[in-house]
Amino acid sequence: MSLMYGKEKDADHDIDNSSHPGFISFFAKLPPKSPENGTLRLFFRGEYYSAHGPDALYVATHLFRTNTVLKYLGPGGKNGLPSVTLNEGQAKSFLREALTARQLKVEIWAPEAGQGKKATRFKLDKEASPGNLQAVEDLLFVNTDILSAPIVMAVKITSSPVGPGESSKARTKTIGIAYADTSTREIGVADFVDNDLFSNVETLVIQLSVKEALIPTGTANNKSDRDFELKKLKEVLDRCGVVITERKPSEFTAKNIKEDAVRLLSPSSIPSTSNVDAGAAIPELSLPVAPSALSALVSYLSLLSDPSNHGTFSIRMHDLSQFMRLDASALRALNLTEASGNIGSNKNTTLFGLLNKCKTAQGSRLLGSWLKQPLVNLHEIRKRQNLVEAFIDDANARRTLQDDYLKMMPDMHRICKRFQKSVASLEDVVRIYQAVLKLEGFITVIESMDTSHDEYKTLLEETYLTKLREFNNSLSKYAEMVEQTLDLNELENHNFVIKPDYDSRLQTLADKLTDVRDGLDEEHKKAGRDLDLDLDKKLHLENSPTYGYVFRVSKGDAKLVTNTKKYIELGVTKSGNFFTTKALKELANEYQETTEQYQKTQSGLVKEVVNIASTYAPVLESWNNVLAHLDVVVSFAHVAVNAPEAYVKPSMQEKGAGSMVLRDARHPCLEVQDDMSFIPNDIEMIKNESEFQIITGPNMGGKSTYIRQAGVIALMAQTGCFVPCSEASIPVFDSILCRVGAGDSQLKGISTFMAEMLETATILRSASKDSLIIIDELGRGTSTYDGFGLAWAISEHIASEIHAFCLFATHFHELTALDQEIPHVKNLHVVAHVSNSDDGTRDRDITLLYKVEPGICDQSFGIHVAELANFPENVVKLAKQKADELEDFNTDEKHGDPELSAEVVEEGTKIIEDLLRTWVANASEKDGEDIVMSDDDPDSVAVQLAELKKCFEQFRPQIERNEWVQRALASL
């Protein structure tokens with residue numbers, strides 16, 4: 001691997017030996033940072049980059065995947081400073097991945113003034129974080145689409161005073177949030193009351209896809225109420241995968257925010273003010289807490305220090321209730337977006353990957369937003385559905401738009417930002433021009449769409465055509481400007497140049513260049529006749545970087561150039577001999593001078609053209625939004641038609657008014673997996689009849705898939721997408737809340753059970769009667785009795801107090817008795833076919849049918865799964881033996897003994913329980929150490945049996961006094 005990357009051989013990528021001591025001393029004084037605490041630091045060294053210390057180890061492990069690339073600076077060999085070098089391509093690619101997939105902050109250090117290749121002192125040149133890509137956008141993302149918006153938010157918490165007799169936990173918290181998307185120049189604010197679990201903050205983070213959060217630093221002792229709240233807030237942000245950046249509390253004050261906002265916001269965002277100052281008239285700044293958060297955000301992003309930001313931002317108020325609420329657990333349970341640990345996995349494993357058939361970067365970004373912001377407005381949901389149906393009905397229009405038009409559209413948000421920062425090039429101008437040429441085609445295709453619904457034609461007109469015609473009119477002048485100023489014939493050669501006839505000065509210089517080129521050609525012909533050399537094959541006229549225009553001949557033909565007075569020799573290389581003449585030298589000088597003048601004159605004109613193009617930015621931004629919307633709607637139609645079985649349009653009901661009925665429901669991500677034959681199931685949840693459903697059944701029988709697909713289908717429906725069913729009727733849900741696997745919480749110092757309880761607490765505090773709750777295996781992280789008690793209490797509370805729609809998958813078969821107490825609780829089970837083995841033994845063959853039917857399954861078939869997982873044979877046998885014994889024991893216990901009194905049976909049961917507990921305690925622990933049965937230890941079973949005999953002797957007097965115990969033991 002080290003040879004592949006040339007680390008040992010490439011001297012250009014070696015840090016100069018003479019700089020080692022000085023650099024090591026400089027590096028030692030830097031504040032310690034490493035990827036482990038969230039920051040990656042690279043040093044720019046002209047043609048390459050280097051990383052040192054923990055960063056070098058991280059790069060070696062995650063980029064090169066070998067430590068052989070490491071070098072150690074300074075004395076002491078491997079005790080020196082670990083270092084690694086990256087060429088420019090590797091560094092930029094790795095930095096992009098660090099900021100996006102790996103969610104790290106990045107620092108790029110550059111040599112101080114006057115320091116070259118042997119630099120020993122560096123200054124911090126660029127800083128970036130997942131939510132703030134501004135400093136590195138032009139360096140890392142010029143030719144790379146950003147598929148998710150880099151949203152950063154600031155959080156300010158204020159608490160109401162504690163009343164008499166109230167604990168500090170009982171205080172209400174008002175949260176002020178400010179967020180910004182610097183790529184689209186949008187600022188948002190929100191103020192809301194939250195509970196001690198920060199459920200509303202979690203909802204906002206999910207809805208906005210926040211990448212980074214600014215919070216005030218706590219005090220050193222971490223004992224104050226404020227610090228306790230910040231700790232809990234950090235846990236919530238951590239659960240949502242948000243990078244946390246701490247800032248001084250003094251930055252969270254709204255002192256100058258009104259003046260700053262007036263400078264930042266576009267005139268259209270500030271209400272007209274005749275009698276009041278502009279800042280006071282901005283309604284978003286009248287919120288009680290959010291302006292303080294906005295102040296910290298503006299400071300962190302240094303928005304005011306960049307003049308190109310002034311007068312360009314828009315501001316809005318974010319209302320949590322305008323979209324469906326989702327929690328972090330729902331993102332995982334419903335496989336909404338790629339988890340950070342699954343980089344590079346099959347794109348169809350997530351809902352975003354499955355639905356993302358978008359052709360533009362802006363379309364993909366909007367899809368990501370839609371999936372995390374499902375609509376709750378029935379009218380808006382139906383509008384989106386109707387648009388999708390219009391493109392499903394007309395396959396030709398759908399394909400033409402995707403392949404011939406959308407595919408060609410650039411990310412205009414990015415180009416407009418380059419226009420506004422005055423760093424755009426003629427290539428950017430041309431890319432917009434080529435997009436403008438396609439506008440007429442967009443209009444023609446949508447106008448001619450074949451749809452039988454007049455309502456849909458009106459909708460297409462309102463949503464797309466009216467706006468596209470306006471853009472076409474506005475941008476026709478743009479196209480004319482480009483055609484008049486740019487030499488479009490040169491585009492084929494990828495040259496972006498101004499037409500010579502656009503400017504008289506340019507034309508004069510162009511004519512002069514033509515004359516000089518003619519002179520060069522004439523001199524070439526003259527030398528060819530004089531030397532009797534073929535012009536194409538022997539005597540070459542070329543523009544050398546060293547000499548300008550010169551003649552070149554091969555070394556073999558060099559002897560023919562004998563007239564040293566006429567021909568002046570310049571040098572010899574492998575490719576041949578270079579020489580010139582007095583006339584050629586004058587022409588070459590004139591060509592170079594004229595070319596420089598031409599480029600200087602053209603650069604002024606390029607700036608003029610780019611400035612004119614940048615005035616169209618507001619129209620281009622609006623067009624970009626329409627393109628993104630169209631791209632997502634067409635993508636939804638594409639997926640619905642091309643699924644293994646076509647999706648259907650769900651019938652949407654008002655919130656709280658309907659029931660959820662799904663016929664032949666399928667999980668959209670699972671059904672497209674290779675070698676998958678998906679078994680569909682009906683889901684029927686009738687309000688006040690069967691709104692709470694308990695699903696039991698064997699392991700691997702499909703319980704989790706069944707309950708999760710209900711959530712996925714409901715979410716898809718509320719984004720306006722069609723759904724994988726044969727028929728669907730769905731009410732509008734205000735939230736989807738999930739409790740599923742605990743994930744990697746242990747790595748963050750939270751036990752599996754604690755993570756489970758936190759997620760459940762969020763559900764109980766956030767859910768309403770219009771919510772959909774999905775719970776998969778609750779209470780397994782603690783003892784059986786505690787777990788069952790919690791599962792029962794939580795189920796009963798949801799069913800009787802909250803009255804939410806709930807799907808509850810469990811192995812606690814006793815929970816199914818809840819349907820006897822609450823009429824709208826229904827039991828379902830996944831079906832397994834059980835048959836006895838042919839040899840007459842008690843072994844059973846299990847066939848999982850993946851069908852869900854009414855009723856209870858009172859078996860888990862865990863041993864069957866253990867067999868599938870290739871457990872050691874003796875372990876499986878012992879498990880079956882014990883399971884059969886317990887089954888018989890439980891059967892006797894349930895039915896009792898008609899000849900014995902209830903008191904005798906109860907006393908006997910307790911004796912057996914005490915005996916078994918004592919045996920387990922003694923047999924599983926010896927000298928304070930756990931004993932584990934092993935397939936490699938044939939004596940371990942004997943040891944356990946010996947312990948059982950001892951226990952039996954200990955309990956013999958009690959056993960002999962109880963007839964029920966004697967009968968039970970005899971049956972074994």
# chains A, B, ... in the order shown; residues from 1 in each chain; ligands from 1

$ residues_around --residues "Lys123 (chain A)" --least-positions-apart "6" --cutoff "9 Å" --atoms "only C-alpha atoms" --output "number ranges by chain"
A: 108-112

$ closest_atom_pairs --of "region 558-675 of chain A" --to "region 297-315 of chain A" --cutoff "12 Å" --atoms "only C-alpha atoms" --output "CSV"
residue,atom,partner,partner_atom,distance
A:Ser614,CA,A:Ser308,CA,11.9
A:Ala617,CA,A:Thr312,CA,10.5
A:Pro618,CA,A:Thr312,CA,9.7
A:Glu621,CA,A:Thr312,CA,11.7

$ write_last_selection --atoms "C-alpha atoms" --output "JSON list (two decimals), in the first residue's frame"
[["chain", "number", "residue", "atom", "x", "y", "z"],
["A", 614, "SER", "CA", -25.28, 38.21, -11.46],
["A", 617, "ALA", "CA", -29.63, 35.79, -9.45],
["A", 618, "PRO", "CA", -33.11, 36.34, -7.87],
["A", 621, "GLU", "CA", -32.97, 31.21, -7.39]]

$ atom_distance --atom1 "CA of Thr816 (chain A)" --atom2 "CA of Ile683 (chain A)"
18.2 Å

$ select_by_dssp --residues "region 368-438 of chain A" --states "alpha helix (DSSP H)" --output "VMD selection string"
chain A and resid 368 to 372 378 to 393 395 to 400 412 to 420 426 to 437

$ write_last_selection --atoms "N, CA and C atoms" --output "compact mmCIF listing (two decimals), in the first residue's frame"
# COMPACT_ATOMS: atom_id res chain seq x y z
N GLY A 368 -34.75 15.20 0.64
CA GLY A 368 -34.33 14.98 2.02
C GLY A 368 -35.16 15.81 2.99
N SER A 369 -35.48 17.04 2.61
CA SER A 369 -36.32 17.90 3.48
C SER A 369 -37.74 17.36 3.56
N TRP A 370 -38.31 16.99 2.42
CA TRP A 370 -39.70 16.49 2.40
C TRP A 370 -39.87 15.26 3.28
N LEU A 371 -38.88 14.36 3.25
CA LEU A 371 -39.00 13.12 4.03
C LEU A 371 -38.97 13.41 5.53
N LYS A 372 -38.29 14.48 5.93
CA LYS A 372 -38.23 14.82 7.35
C LYS A 372 -39.28 15.86 7.73
N LEU A 378 -54.05 18.59 4.81
CA LEU A 378 -54.66 17.62 3.88
C LEU A 378 -54.71 18.17 2.45
N HIS A 379 -55.05 19.44 2.30
CA HIS A 379 -55.16 20.06 0.97
C HIS A 379 -53.81 20.01 0.24
N GLU A 380 -52.71 20.32 0.97
CA GLU A 380 -51.38 20.32 0.36
C GLU A 380 -50.93 18.91 0.01
N ILE A 381 -51.28 17.93 0.87
CA ILE A 381 -50.92 16.53 0.58
C ILE A 381 -51.58 16.09 -0.72
N ARG A 382 -52.88 16.39 -0.86
CA ARG A 382 -53.60 15.97 -2.07
C ARG A 382 -53.07 16.67 -3.32
N LYS A 383 -52.64 17.92 -3.18
CA LYS A 383 -52.05 18.63 -4.34
C LYS A 383 -50.81 17.89 -4.84
N ARG A 384 -49.95 17.52 -3.89
CA ARG A 384 -48.72 16.79 -4.28
C ARG A 384 -49.08 15.45 -4.92
N GLN A 385 -50.04 14.74 -4.31
CA GLN A 385 -50.44 13.44 -4.86
C GLN A 385 -50.95 13.58 -6.30
N ASN A 386 -51.73 14.62 -6.54
CA ASN A 386 -52.29 14.82 -7.88
C ASN A 386 -51.20 15.14 -8.91
N LEU A 387 -50.20 15.90 -8.49
CA LEU A 387 -49.08 16.18 -9.39
C LEU A 387 -48.34 14.89 -9.72
N VAL A 388 -48.11 14.07 -8.70
CA VAL A 388 -47.42 12.78 -8.94
C VAL A 388 -48.25 11.94 -9.90
N GLU A 389 -49.56 11.89 -9.70
CA GLU A 389 -50.42 11.08 -10.57
C GLU A 389 -50.38 11.59 -12.01
N ALA A 390 -50.29 12.91 -12.19
CA ALA A 390 -50.22 13.46 -13.55
C ALA A 390 -49.00 12.92 -14.29
N PHE A 391 -47.87 12.80 -13.58
CA PHE A 391 -46.64 12.29 -14.23
C PHE A 391 -46.63 10.77 -14.33
N ILE A 392 -47.43 10.09 -13.48
CA ILE A 392 -47.58 8.63 -13.63
C ILE A 392 -48.39 8.35 -14.89
N ASP A 393 -49.40 9.16 -15.14
CA ASP A 393 -50.29 8.96 -16.30
C ASP A 393 -49.56 9.17 -17.62
N ALA A 395 -46.17 8.72 -19.24
CA ALA A 395 -44.81 8.15 -19.14
C ALA A 395 -43.83 8.89 -20.05
N ASN A 396 -44.28 9.31 -21.24
CA ASN A 396 -43.37 9.99 -22.17
C ASN A 396 -42.87 11.31 -21.59
N ALA A 397 -43.80 12.08 -21.03
CA ALA A 397 -43.41 13.37 -20.43
C ALA A 397 -42.44 13.14 -19.29
N ARG A 398 -42.70 12.11 -18.48
CA ARG A 398 -41.83 11.82 -17.33
C ARG A 398 -40.42 11.49 -17.79
N ARG A 399 -40.31 10.60 -18.79
CA ARG A 399 -38.99 10.20 -19.26
C ARG A 399 -38.26 11.35 -19.94
N THR A 400 -39.01 12.13 -20.75
CA THR A 400 -38.38 13.25 -21.46
C THR A 400 -37.83 14.27 -20.47
N MET A 412 -28.23 25.82 -9.39
CA MET A 412 -28.18 27.28 -9.53
C MET A 412 -27.98 28.01 -8.21
N HIS A 413 -28.35 27.39 -7.10
CA HIS A 413 -28.05 28.00 -5.80
C HIS A 413 -26.55 28.25 -5.68
N ARG A 414 -25.78 27.23 -6.05
CA ARG A 414 -24.32 27.32 -5.91
C ARG A 414 -23.76 28.38 -6.85
N ILE A 415 -24.24 28.40 -8.10
CA ILE A 415 -23.72 29.36 -9.07
C ILE A 415 -24.11 30.78 -8.67
N CYS A 416 -25.34 30.96 -8.19
CA CYS A 416 -25.77 32.30 -7.76
C CYS A 416 -24.92 32.81 -6.61
N LYS A 417 -24.54 31.88 -5.73
CA LYS A 417 -23.70 32.30 -4.61
C LYS A 417 -22.33 32.77 -5.13
N ARG A 418 -21.82 32.09 -6.16
CA ARG A 418 -20.55 32.51 -6.76
C ARG A 418 -20.71 33.87 -7.45
N PHE A 419 -21.85 34.09 -8.08
CA PHE A 419 -22.12 35.41 -8.68
C PHE A 419 -22.06 36.50 -7.60
N GLN A 420 -22.76 36.24 -6.48
CA GLN A 420 -22.86 37.26 -5.43
C GLN A 420 -21.52 37.52 -4.75
N LEU A 426 -16.65 32.75 -16.58
CA LEU A 426 -17.45 32.66 -17.81
C LEU A 426 -18.09 31.28 -17.93
N GLU A 427 -17.44 30.26 -17.37
CA GLU A 427 -18.02 28.91 -17.44
C GLU A 427 -19.35 28.87 -16.69
N ASP A 428 -19.43 29.55 -15.53
CA ASP A 428 -20.70 29.62 -14.79
C ASP A 428 -21.77 30.32 -15.63
N VAL A 429 -21.37 31.41 -16.31
CA VAL A 429 -22.31 32.15 -17.17
C VAL A 429 -22.85 31.24 -18.26
N VAL A 430 -21.96 30.43 -18.84
CA VAL A 430 -22.35 29.54 -19.93
C VAL A 430 -23.27 28.42 -19.43
N ARG A 431 -22.98 27.89 -18.23
CA ARG A 431 -23.83 26.81 -17.69
C ARG A 431 -25.26 27.30 -17.48
N ILE A 432 -25.40 28.52 -17.01
CA ILE A 432 -26.75 29.09 -16.86
C ILE A 432 -27.39 29.30 -18.24
N TYR A 433 -26.59 29.75 -19.19
CA TYR A 433 -27.10 29.98 -20.55
C TYR A 433 -27.62 28.67 -21.15
N GLN A 434 -26.86 27.60 -20.98
CA GLN A 434 -27.29 26.31 -21.53
C GLN A 434 -28.57 25.81 -20.86
N ALA A 435 -28.73 26.14 -19.57
CA ALA A 435 -29.97 25.78 -18.87
C ALA A 435 -31.14 26.61 -19.40
N VAL A 436 -30.89 27.90 -19.65
CA VAL A 436 -31.94 28.79 -20.15
C VAL A 436 -32.47 28.29 -21.50
N LEU A 437 -31.55 27.76 -22.32
CA LEU A 437 -31.97 27.24 -23.63
C LEU A 437 -32.96 26.08 -23.49

$ residues_around --residues "Ile146 (chain A)" --least-positions-apart "5" --cutoff "10 Å" --atoms "only C-alpha atoms" --output "NGL selection string"
:A and (96 or 100 or 137 or 141 or 183 or 361-362 or 364-365 or 411 or 414)

$ select_by_dssp --residues "region 102-233 of chain A" --states "strand (DSSP E)" --output "PyMOL selection string"
chain A and resi 105-111+122-128+151-159+173-181+186-194+210-216

$ residues_around --residues "Glu654 (chain A)" --least-positions-apart "5" --cutoff "9 Å" --atoms "only C-alpha atoms" --output "NGL selection string"
:A and (377-378 or 730-733)

$ atom_distance --atom1 "CA of Ser704 (chain A)" --atom2 "CA of Arg332 (chain A)"
12.7 Å

$ residues_around --residues "Leu331 (chain A)" --least-positions-apart "3" --cutoff "10 Å" --atoms "only C-alpha atoms" --output "VMD selection string"
chain A and resid 206 240 326 to 328 334 to 339 350 to 351 371 to 372 736 to 738

$ closest_residue --among "A:Ile856, A:Phe753, A:Ala710, A:Leu630" --to "Asp786 (chain A)" --atoms "only C-alpha atoms"
A:Phe753

$ residues_around --residues "Asn589 (chain A)" --least-positions-apart "6" --cutoff "10 Å" --atoms "only C-alpha atoms" --output "PyMOL selection string"
chain A and resi 516+547-549+595

$ residues_around --residues "region 287-293 of chain A" --least-positions-apart "5" --cutoff "6 Å" --atoms "only C-alpha atoms" --output "number ranges by chain"
A: 154-156, 176-178, 189, 191, 252-254

$ write_last_selection --atoms "C-alpha atoms" --output "mmCIF file, in the first residue's frame"
data_model
loop_
_atom_site.group_PDB
_atom_site.id
_atom_site.type_symbol
_atom_site.label_atom_id
_atom_site.label_comp_id
_atom_site.auth_asym_id
_atom_site.auth_seq_id
_atom_site.Cartn_x
_atom_site.Cartn_y
_atom_site.Cartn_z
ATOM 1 C CA ALA A 154 -27.991 28.059 17.952
ATOM 2 C CA VAL A 155 -29.996 27.205 21.091
ATOM 3 C CA LYS A 156 -30.811 29.516 23.999
ATOM 4 C CA GLY A 176 -35.104 30.100 21.444
ATOM 5 C CA ILE A 177 -33.703 28.658 18.224
ATOM 6 C CA ALA A 178 -32.001 30.361 15.291
ATOM 7 C CA VAL A 189 -36.053 31.443 14.086
ATOM 8 C CA ASP A 191 -39.543 30.122 20.056
ATOM 9 C CA PHE A 252 -26.108 34.679 23.291
ATOM 10 C CA THR A 253 -27.333 38.237 23.889
ATOM 11 C CA ALA A 254 -29.611 40.166 21.546
#

$ atom_distance --atom1 "CA of Leu818 (chain A)" --atom2 "CA of Ala665 (chain A)"
26.2 Å

$ closest_residue --among "A:Leu264, A:Ala527, A:Leu764, A:Leu535" --to "Thr581 (chain A)" --atoms "only C-alpha atoms"
A:Ala527

$ decode --residues "region 373-407 of chain A" --atoms "N, CA and C atoms" --output "PDB file, in the first residue's frame"
ATOM      1  N   GLN A 373     -40.011  16.345   6.727  1.00  0.00           N
ATOM      2  CA  GLN A 373     -41.074  17.322   6.977  1.00  0.00           C
ATOM      3  C   GLN A 373     -42.370  16.880   6.289  1.00  0.00           C
ATOM      4  N   PRO A 374     -42.897  15.688   6.648  1.00  0.00           N
ATOM      5  CA  PRO A 374     -44.164  15.263   6.032  1.00  0.00           C
ATOM      6  C   PRO A 374     -45.271  16.271   6.367  1.00  0.00           C
ATOM      7  N   LEU A 375     -46.148  16.497   5.409  1.00  0.00           N
ATOM      8  CA  LEU A 375     -47.189  17.522   5.569  1.00  0.00           C
ATOM      9  C   LEU A 375     -48.298  17.059   6.504  1.00  0.00           C
ATOM     10  N   VAL A 376     -48.951  18.014   7.162  1.00  0.00           N
ATOM     11  CA  VAL A 376     -50.144  17.684   7.950  1.00  0.00           C
ATOM     12  C   VAL A 376     -51.373  18.421   7.407  1.00  0.00           C
ATOM     13  N   ASN A 377     -51.153  19.250   6.376  1.00  0.00           N
ATOM     14  CA  ASN A 377     -52.262  19.953   5.731  1.00  0.00           C
ATOM     15  C   ASN A 377     -52.821  19.065   4.620  1.00  0.00           C
ATOM     16  N   LEU A 378     -54.054  18.592   4.808  1.00  0.00           N
ATOM     17  CA  LEU A 378     -54.658  17.625   3.878  1.00  0.00           C
ATOM     18  C   LEU A 378     -54.711  18.167   2.453  1.00  0.00           C
ATOM     19  N   HIS A 379     -55.050  19.445   2.297  1.00  0.00           N
ATOM     20  CA  HIS A 379     -55.160  20.059   0.972  1.00  0.00           C
ATOM     21  C   HIS A 379     -53.806  20.012   0.242  1.00  0.00           C
ATOM     22  N   GLU A 380     -52.714  20.322   0.972  1.00  0.00           N
ATOM     23  CA  GLU A 380     -51.378  20.324   0.361  1.00  0.00           C
ATOM     24  C   GLU A 380     -50.930  18.908   0.008  1.00  0.00           C
ATOM     25  N   ILE A 381     -51.281  17.933   0.871  1.00  0.00           N
ATOM     26  CA  ILE A 381     -50.921  16.535   0.584  1.00  0.00           C
ATOM     27  C   ILE A 381     -51.580  16.091  -0.721  1.00  0.00           C
ATOM     28  N   ARG A 382     -52.876  16.394  -0.864  1.00  0.00           N
ATOM     29  CA  ARG A 382     -53.601  15.969  -2.070  1.00  0.00           C
ATOM     30  C   ARG A 382     -53.075  16.669  -3.317  1.00  0.00           C
ATOM     31  N   LYS A 383     -52.643  17.921  -3.185  1.00  0.00           N
ATOM     32  CA  LYS A 383     -52.054  18.626  -4.336  1.00  0.00           C
ATOM     33  C   LYS A 383     -50.814  17.891  -4.838  1.00  0.00           C
ATOM     34  N   ARG A 384     -49.945  17.521  -3.887  1.00  0.00           N
ATOM     35  CA  ARG A 384     -48.724  16.791  -4.283  1.00  0.00           C
ATOM     36  C   ARG A 384     -49.083  15.450  -4.920  1.00  0.00           C
ATOM     37  N   GLN A 385     -50.037  14.742  -4.315  1.00  0.00           N
ATOM     38  CA  GLN A 385     -50.442  13.435  -4.862  1.00  0.00           C
ATOM     39  C   GLN A 385     -50.947  13.581  -6.301  1.00  0.00           C
ATOM     40  N   ASN A 386     -51.728  14.619  -6.545  1.00  0.00           N
ATOM     41  CA  ASN A 386     -52.288  14.819  -7.885  1.00  0.00           C
ATOM     42  C   ASN A 386     -51.203  15.136  -8.909  1.00  0.00           C
ATOM     43  N   LEU A 387     -50.205  15.896  -8.488  1.00  0.00           N
ATOM     44  CA  LEU A 387     -49.083  16.180  -9.392  1.00  0.00           C
ATOM     45  C   LEU A 387     -48.339  14.885  -9.725  1.00  0.00           C
ATOM     46  N   VAL A 388     -48.110  14.066  -8.697  1.00  0.00           N
ATOM     47  CA  VAL A 388     -47.422  12.778  -8.936  1.00  0.00           C
ATOM     48  C   VAL A 388     -48.248  11.939  -9.905  1.00  0.00           C
ATOM     49  N   GLU A 389     -49.561  11.891  -9.701  1.00  0.00           N
ATOM     50  CA  GLU A 389     -50.425  11.083 -10.567  1.00  0.00           C
ATOM     51  C   GLU A 389     -50.375  11.587 -12.011  1.00  0.00           C
ATOM     52  N   ALA A 390     -50.290  12.905 -12.190  1.00  0.00           N
ATOM     53  CA  ALA A 390     -50.225  13.457 -13.548  1.00  0.00           C
ATOM     54  C   ALA A 390     -48.997  12.922 -14.287  1.00  0.00           C
ATOM     55  N   PHE A 391     -47.866  12.797 -13.580  1.00  0.00           N
ATOM     56  CA  PHE A 391     -46.643  12.290 -14.229  1.00  0.00           C
ATOM     57  C   PHE A 391     -46.633  10.766 -14.330  1.00  0.00           C
ATOM     58  N   ILE A 392     -47.427  10.091 -13.479  1.00  0.00           N
ATOM     59  CA  ILE A 392     -47.583   8.634 -13.629  1.00  0.00           C
ATOM     60  C   ILE A 392     -48.394   8.349 -14.893  1.00  0.00           C
ATOM     61  N   ASP A 393     -49.404   9.159 -15.137  1.00  0.00           N
ATOM     62  CA  ASP A 393     -50.288   8.959 -16.299  1.00  0.00           C
ATOM     63  C   ASP A 393     -49.564   9.169 -17.624  1.00  0.00           C
ATOM     64  N   ASP A 394     -48.561  10.067 -17.647  1.00  0.00           N
ATOM     65  CA  ASP A 394     -47.879  10.379 -18.911  1.00  0.00           C
ATOM     66  C   ASP A 394     -46.415   9.956 -18.835  1.00  0.00           C
ATOM     67  N   ALA A 395     -46.165   8.716 -19.241  1.00  0.00           N
ATOM     68  CA  ALA A 395     -44.814   8.152 -19.144  1.00  0.00           C
ATOM     69  C   ALA A 395     -43.828   8.888 -20.047  1.00  0.00           C
ATOM     70  N   ASN A 396     -44.277   9.312 -21.236  1.00  0.00           N
ATOM     71  CA  ASN A 396     -43.365   9.988 -22.170  1.00  0.00           C
ATOM     72  C   ASN A 396     -42.872  11.310 -21.591  1.00  0.00           C
ATOM     73  N   ALA A 397     -43.802  12.084 -21.033  1.00  0.00           N
ATOM     74  CA  ALA A 397     -43.413  13.367 -20.431  1.00  0.00           C
ATOM     75  C   ALA A 397     -42.436  13.137 -19.290  1.00  0.00           C
ATOM     76  N   ARG A 398     -42.702  12.115 -18.477  1.00  0.00           N
ATOM     77  CA  ARG A 398     -41.834  11.819 -17.329  1.00  0.00           C
ATOM     78  C   ARG A 398     -40.418  11.486 -17.786  1.00  0.00           C
ATOM     79  N   ARG A 399     -40.311  10.605 -18.785  1.00  0.00           N
ATOM     80  CA  ARG A 399     -38.990  10.195 -19.261  1.00  0.00           C
ATOM     81  C   ARG A 399     -38.257  11.352 -19.940  1.00  0.00           C
ATOM     82  N   THR A 400     -39.007  12.127 -20.748  1.00  0.00           N
ATOM     83  CA  THR A 400     -38.379  13.250 -21.459  1.00  0.00           C
ATOM     84  C   THR A 400     -37.833  14.273 -20.474  1.00  0.00           C
ATOM     85  N   LEU A 401     -38.620  14.618 -19.464  1.00  0.00           N
ATOM     86  CA  LEU A 401     -38.169  15.584 -18.467  1.00  0.00           C
ATOM     87  C   LEU A 401     -36.928  15.078 -17.733  1.00  0.00           C
ATOM     88  N   GLN A 402     -36.931  13.790 -17.370  1.00  0.00           N
ATOM     89  CA  GLN A 402     -35.789  13.255 -16.619  1.00  0.00           C
ATOM     90  C   GLN A 402     -34.521  13.190 -17.463  1.00  0.00           C
ATOM     91  N   ASP A 403     -34.646  12.645 -18.669  1.00  0.00           N
ATOM     92  CA  ASP A 403     -33.450  12.340 -19.464  1.00  0.00           C
ATOM     93  C   ASP A 403     -32.954  13.511 -20.307  1.00  0.00           C
ATOM     94  N   ASP A 404     -33.863  14.352 -20.788  1.00  0.00           N
ATOM     95  CA  ASP A 404     -33.453  15.401 -21.724  1.00  0.00           C
ATOM     96  C   ASP A 404     -33.363  16.786 -21.084  1.00  0.00           C
ATOM     97  N   TYR A 405     -33.981  16.963 -19.932  1.00  0.00           N
ATOM     98  CA  TYR A 405     -34.036  18.320 -19.368  1.00  0.00           C
ATOM     99  C   TYR A 405     -33.461  18.393 -17.953  1.00  0.00           C
ATOM    100  N   LEU A 406     -34.078  17.694 -16.996  1.00  0.00           N
ATOM    101  CA  LEU A 406     -33.615  17.795 -15.610  1.00  0.00           C
ATOM    102  C   LEU A 406     -32.156  17.384 -15.467  1.00  0.00           C
ATOM    103  N   LYS A 407     -31.769  16.372 -16.232  1.00  0.00           N
ATOM    104  CA  LYS A 407     -30.404  15.856 -16.160  1.00  0.00           C
ATOM    105  C   LYS A 407     -29.367  16.934 -16.501  1.00  0.00           C
TER     106      LYS A 407
END
